[in-house]
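Quick look at structure26.pdb (PDB, C-alpha atoms, pLDDT in the B column):
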```pdb
MODEL        1
ATOM      1  CA  GLN A 244       0.380  15.360  13.851  1.00 83.00           C
ATOM      2  CA  VAL A 245      -1.296  12.632  11.801  1.00 86.00           C
ATOM      3  CA  GLN A 246       1.058  11.159   9.238  1.00 93.00           C
ATOM      4  CA  LEU A 247       1.627   8.131   7.031  1.00 96.00           C
ATOM      5  CA  ALA A 248       5.259   7.764   6.035  1.00 96.00           C
ATOM      6  CA  GLU A 249       6.339   5.386   3.282  1.00 97.00           C
ATOM      7  CA  SER A 250       9.842   4.026   2.870  1.00 97.00           C
ATOM      8  CA  GLY A 251      11.653   1.261   1.039  1.00 97.00           C
ATOM      9  CA  GLY A 252      11.333   2.335  -2.562  1.00 97.00           C
ATOM     10  CA  GLY A 253      14.224   2.316  -4.994  1.00 97.00           C
ATOM     11  CA  LEU A 254      15.648   0.935  -8.205  1.00 98.00           C
ATOM     12  CA  VAL A 255      15.506  -2.819  -8.761  1.00 98.00           C
ATOM     13  CA  GLN A 256      16.092  -5.102 -11.730  1.00 98.00           C
ATOM     14  CA  PRO A 257      13.243  -7.075 -13.281  1.00 98.00           C
ATOM     15  CA  GLY A 258      12.596 -10.189 -11.235  1.00 98.00           C
ATOM     16  CA  GLY A 259      13.878  -8.540  -8.082  1.00 98.00           C
ATOM     17  CA  SER A 260      12.158  -7.734  -4.796  1.00 98.00           C
ATOM     18  CA  LEU A 261      11.473  -4.749  -2.585  1.00 98.00           C
ATOM     19  CA  ARG A 262       9.661  -4.287   0.707  1.00 98.00           C
ATOM     20  CA  LEU A 263       7.788  -1.070   1.313  1.00 98.00           C
ATOM     21  CA  SER A 264       6.869   0.166   4.792  1.00 98.00           C
ATOM     22  CA  CYS A 265       4.072   2.508   5.819  1.00 97.00           C
ATOM     23  CA  ALA A 266       4.446   3.839   9.359  1.00 96.00           C
ATOM     24  CA  ALA A 267       1.527   5.650  10.954  1.00 93.00           C
ATOM     25  CA  SER A 268       2.058   8.367  13.538  1.00 91.00           C
ATOM     26  CA  GLY A 269      -0.367  10.590  15.389  1.00 89.00           C
ATOM     27  CA  PHE A 270      -3.050   7.904  15.378  1.00 86.00           C
ATOM     28  CA  THR A 271      -3.348   4.150  15.790  1.00 86.00           C
ATOM     29  CA  LEU A 272      -4.396   1.878  12.969  1.00 85.00           C
ATOM     30  CA  ASP A 273      -7.083   0.131  15.025  1.00 85.00           C
ATOM     31  CA  TYR A 274     -10.331  -0.091  13.064  1.00 87.00           C
ATOM     32  CA  TYR A 275      -8.642   1.198   9.910  1.00 92.00           C
ATOM     33  CA  SER A 276      -8.107  -0.442   6.594  1.00 94.00           C
ATOM     34  CA  ILE A 277      -4.707   0.408   5.136  1.00 96.00           C
ATOM     35  CA  GLY A 278      -3.789   0.120   1.525  1.00 96.00           C
ATOM     36  CA  TRP A 279      -1.100   0.572  -1.063  1.00 98.00           C
ATOM     37  CA  PHE A 280      -1.796   2.487  -4.259  1.00 98.00           C
ATOM     38  CA  ARG A 281       0.440   3.287  -7.178  1.00 98.00           C
ATOM     39  CA  GLN A 282       0.530   5.862  -9.915  1.00 98.00           C
ATOM     40  CA  ALA A 283       2.632   5.532 -13.039  1.00 96.00           C
ATOM     41  CA  PRO A 284       3.339   8.511 -15.309  1.00 92.00           C
ATOM     42  CA  GLY A 285       0.300   9.328 -17.416  1.00 94.00           C
ATOM     43  CA  LYS A 286      -1.911   6.836 -15.598  1.00 96.00           C
ATOM     44  CA  GLU A 287      -4.526   7.041 -12.890  1.00 95.00           C
ATOM     45  CA  ARG A 288      -3.744   6.055  -9.338  1.00 96.00           C
ATOM     46  CA  GLU A 289      -4.792   2.461  -8.668  1.00 96.00           C
ATOM     47  CA  GLY A 290      -5.218   0.425  -5.519  1.00 97.00           C
ATOM     48  CA  VAL A 291      -2.933  -2.612  -5.537  1.00 98.00           C
ATOM     49  CA  SER A 292      -3.375  -4.146  -2.081  1.00 98.00           C
ATOM     50  CA  CYS A 293      -5.294  -3.384   1.092  1.00 97.00           C
ATOM     51  CA  ILE A 294      -5.554  -4.946   4.549  1.00 96.00           C
ATOM     52  CA  ASN A 295      -8.065  -4.612   7.334  1.00 93.00           C
ATOM     53  CA  ASN A 296      -6.174  -3.964  10.536  1.00 85.00           C
ATOM     54  CA  ASN A 297      -8.719  -5.715  12.729  1.00 85.00           C
ATOM     55  CA  ASP A 298      -9.423  -9.029  11.034  1.00 88.00           C
ATOM     56  CA  GLY A 299      -6.430  -9.195   8.723  1.00 90.00           C
ATOM     57  CA  SER A 300      -8.519  -9.644   5.602  1.00 94.00           C
ATOM     58  CA  THR A 301      -6.717  -8.657   2.424  1.00 97.00           C
ATOM     59  CA  TYR A 302      -7.425  -7.548  -1.119  1.00 97.00           C
ATOM     60  CA  TYR A 303      -5.094  -7.693  -4.112  1.00 97.00           C
ATOM     61  CA  ALA A 304      -5.476  -6.289  -7.589  1.00 97.00           C
ATOM     62  CA  ASP A 305      -5.264  -8.960 -10.284  1.00 97.00           C
ATOM     63  CA  SER A 306      -2.068  -7.407 -11.625  1.00 96.00           C
ATOM     64  CA  VAL A 307      -0.147  -8.182  -8.414  1.00 98.00           C
ATOM     65  CA  LYS A 308      -1.774 -11.377  -7.109  1.00 97.00           C
ATOM     66  CA  GLY A 309       0.790 -14.023  -6.337  1.00 97.00           C
ATOM     67  CA  ARG A 310       3.651 -11.499  -6.398  1.00 98.00           C
ATOM     68  CA  TYR A 311       2.798  -8.963  -3.677  1.00 98.00           C
ATOM     69  CA  THR A 312       2.037  -9.647  -0.032  1.00 98.00           C
ATOM     70  CA  ILE A 313       0.613  -7.103   2.390  1.00 97.00           C
ATOM     71  CA  SER A 314       1.118  -7.513   6.134  1.00 95.00           C
ATOM     72  CA  ARG A 315       0.892  -5.517   9.333  1.00 93.00           C
ATOM     73  CA  ASP A 316       2.737  -5.114  12.617  1.00 92.00           C
ATOM     74  CA  ASN A 317       0.309  -3.590  15.076  1.00 88.00           C
ATOM     75  CA  ALA A 318       2.988  -3.129  17.736  1.00 91.00           C
ATOM     76  CA  LYS A 319       4.885  -0.887  15.316  1.00 93.00           C
ATOM     77  CA  ASN A 320       1.755   0.716  13.829  1.00 93.00           C
ATOM     78  CA  THR A 321       3.202  -0.214  10.451  1.00 95.00           C
ATOM     79  CA  VAL A 322       1.998  -1.941   7.295  1.00 95.00           C
ATOM     80  CA  TYR A 323       4.329  -3.589   4.783  1.00 97.00           C
ATOM     81  CA  LEU A 324       4.144  -4.485   1.112  1.00 98.00           C
ATOM     82  CA  GLN A 325       6.484  -7.254   0.009  1.00 98.00           C
ATOM     83  CA  MET A 326       6.904  -7.077  -3.754  1.00 98.00           C
ATOM     84  CA  ASN A 327       8.482 -10.037  -5.556  1.00 98.00           C
ATOM     85  CA  SER A 328       9.041 -10.894  -9.208  1.00 98.00           C
ATOM     86  CA  LEU A 329       8.924  -7.217 -10.075  1.00 98.00           C
ATOM     87  CA  LYS A 330       8.242  -6.163 -13.655  1.00 98.00           C
ATOM     88  CA  PRO A 331       8.978  -2.914 -15.491  1.00 97.00           C
ATOM     89  CA  GLU A 332       5.233  -2.199 -15.518  1.00 97.00           C
ATOM     90  CA  ASP A 333       5.315  -2.097 -11.701  1.00 98.00           C
ATOM     91  CA  THR A 334       7.289   1.143 -11.946  1.00 98.00           C
ATOM     92  CA  ALA A 335       5.308   3.877 -10.206  1.00 98.00           C
ATOM     93  CA  VAL A 336       5.101   6.088  -7.165  1.00 98.00           C
ATOM     94  CA  TYR A 337       3.635   3.957  -4.399  1.00 98.00           C
ATOM     95  CA  TYR A 338       1.407   5.572  -1.791  1.00 98.00           C
ATOM     96  CA  CYS A 339      -0.118   4.205   1.359  1.00 97.00           C
ATOM     97  CA  ALA A 340      -3.537   5.264   2.547  1.00 97.00           C
ATOM     98  CA  ALA A 341      -5.780   4.638   5.531  1.00 96.00           C
ATOM     99  CA  ASP A 342      -9.516   4.857   5.955  1.00 95.00           C
ATOM    100  CA  TYR A 343     -11.555   4.345   9.098  1.00 93.00           C
ATOM    101  CA  PHE A 344     -13.970   1.445   9.409  1.00 91.00           C
ATOM    102  CA  THR A 345     -14.060   0.435   5.781  1.00 92.00           C
ATOM    103  CA  THR A 346     -13.522  -2.806   3.925  1.00 92.00           C
ATOM    104  CA  THR A 347     -10.331  -3.650   2.102  1.00 93.00           C
ATOM    105  CA  GLN A 348     -12.039  -3.786  -1.280  1.00 92.00           C
ATOM    106  CA  ALA A 349     -13.740  -0.436  -0.689  1.00 93.00           C
ATOM    107  CA  LEU A 350     -10.466   1.203   0.311  1.00 95.00           C
ATOM    108  CA  CYS A 351      -8.613  -0.127  -2.717  1.00 96.00           C
ATOM    109  CA  HIS A 352     -11.226   1.481  -4.977  1.00 95.00           C
ATOM    110  CA  MET A 353     -11.397   4.714  -3.021  1.00 91.00           C
ATOM    111  CA  THR A 354     -10.179   8.087  -4.265  1.00 90.00           C
ATOM    112  CA  THR A 355     -10.503  10.057  -1.028  1.00 94.00           C
ATOM    113  CA  PRO A 356      -9.426   7.981   1.967  1.00 95.00           C
ATOM    114  CA  ASN A 357      -8.981   9.661   5.332  1.00 94.00           C
ATOM    115  CA  TYR A 358      -5.190   9.786   5.048  1.00 95.00           C
ATOM    116  CA  TRP A 359      -2.562   9.619   2.290  1.00 96.00           C
ATOM    117  CA  GLY A 360       1.179   9.267   2.556  1.00 96.00           C
ATOM    118  CA  GLN A 361       3.628  11.262   0.448  1.00 96.00           C
ATOM    119  CA  GLY A 362       4.684   8.364  -1.752  1.00 97.00           C
ATOM    120  CA  THR A 363       7.865   6.451  -2.533  1.00 97.00           C
ATOM    121  CA  GLN A 364       9.282   5.820  -6.008  1.00 98.00           C
ATOM    122  CA  VAL A 365       9.698   2.257  -7.238  1.00 98.00           C
ATOM    123  CA  THR A 366      11.591   1.815 -10.495  1.00 98.00           C
ATOM    124  CA  VAL A 367      11.992  -1.591 -12.120  1.00 98.00           C
ATOM    125  CA  SER A 368      14.596  -1.451 -14.848  1.00 97.00           C
ATOM    126  CA  SER A 369      17.673  -3.242 -16.093  1.00 96.00           C
TER     127      SER A 369
ENDMDL
END
```

Transcribe the structure of this file into structure tokens.
Amino acid sequence: QVQLAESGGGLVQPGGSLRLSCAASGFTLDYYSIGWFRQAPGKEREGVSCINNNDGSTYYADSVKGRYTISRDNAKNTVYLQMNSLKPEDTAVYYCAADYFTTTQALCHMTTPNYWGQGTQVTVSS
């Protein structure tokens, strides 16, 4: 069964950090781009960071540049999102997604990638 499973969300104070994980099962991430999206209440889903699993190229939305870092562990078939200096406006449900043989920028602007995860809630609040 093909699945993307996110974990690592939670409640954190402003300025804090969280690391999200996206574990793929039922397929390998070779030749895929994998990305993290988020959706806040009343807002559209937006791509925040994507990585190409072959060449390691990355894309970041302007709103998270310098604060978020995306990385991959091919041996674990897992992609991570390290989020630092979190702000209340980062509060959202975070989803991972994967799309075959596409660029990172294309994936992060995509609405229908091949696979979506179920999402994990991130809440930044004091």

### Task
Report as a PyMOL selection string the residues that result from applying the PyMOL selection byres ((chain A and resi 328) around 8) to the structure here.
chain A and resi 257-260+310+326-327+329-330

### Message
Evaluated on this file, the PyMOL selection byres ((chain A and resi 357) around 6) picks out some residues - which ones are they, written as number ranges by chain?
### Response
A: 341-342, 356, 358

Could you turn the residues from that selection into a file that holds C-alpha atoms, as a PDB file, in the frame of the given file?
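Listed below is the output, out_32.pdb:
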```
ATOM      1  CA  ALA A 341      -5.780   4.638   5.531  1.00 96.00           C
ATOM      2  CA  ASP A 342      -9.516   4.857   5.955  1.00 95.00           C
ATOM      3  CA  PRO A 356      -9.426   7.981   1.967  1.00 95.00           C
ATOM      4  CA  TYR A 358      -5.190   9.786   5.048  1.00 95.00           C
TER       5      TYR A 358
END
```

### Query
For the file shown, what are the residues hit by the PyMOL selection byres ((chain A and resi 245-247) around 8), laid out as a ChimeraX atom specification?
/A:244,248-249,265-270,339-340,358-361

With 10 Å as the cut-off and only C-alpha atoms counted, what is the closest atom pair between each nearby residue of range 247-318 of chain A and range 343-353 of chain A? Distances in Å to one decimal, ordered by chain and number, as a Markdown table.
```
| residue | atom | partner | partner_atom | distance |
| --- | --- | --- | --- | --- |
| A:Leu272 | CA | A:Tyr343 | CA | 8.5 |
| A:Asp273 | CA | A:Tyr343 | CA | 8.5 |
| A:Tyr274 | CA | A:Phe344 | CA | 5.4 |
| A:Tyr275 | CA | A:Tyr343 | CA | 4.4 |
| A:Ser276 | CA | A:Thr347 | CA | 6.0 |
| A:Ile277 | CA | A:Leu350 | CA | 7.6 |
| A:Gly278 | CA | A:Cys351 | CA | 6.4 |
| A:Trp279 | CA | A:Cys351 | CA | 7.7 |
| A:Phe280 | CA | A:Cys351 | CA | 7.5 |
| A:Arg288 | CA | A:His352 | CA | 9.8 |
| A:Glu289 | CA | A:His352 | CA | 7.5 |
| A:Gly290 | CA | A:Cys351 | CA | 4.4 |
| A:Val291 | CA | A:Cys351 | CA | 6.8 |
| A:Ser292 | CA | A:Cys351 | CA | 6.6 |
| A:Cys293 | CA | A:Thr347 | CA | 5.1 |
| A:Ile294 | CA | A:Thr347 | CA | 5.5 |
| A:Asn295 | CA | A:Thr347 | CA | 5.8 |
| A:Asn296 | CA | A:Thr347 | CA | 9.4 |
| A:Asn297 | CA | A:Phe344 | CA | 9.5 |
| A:Gly299 | CA | A:Thr347 | CA | 9.5 |
| A:Ser300 | CA | A:Thr347 | CA | 7.2 |
| A:Thr301 | CA | A:Thr347 | CA | 6.2 |
| A:Tyr302 | CA | A:Thr347 | CA | 5.8 |
| A:Tyr303 | CA | A:Gln348 | CA | 8.5 |
| A:Ala304 | CA | A:Cys351 | CA | 8.5 |
```

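Take CA of Val307 in chain A and CA of Gly285 in chain A: the distance between them is 19.7 Å.
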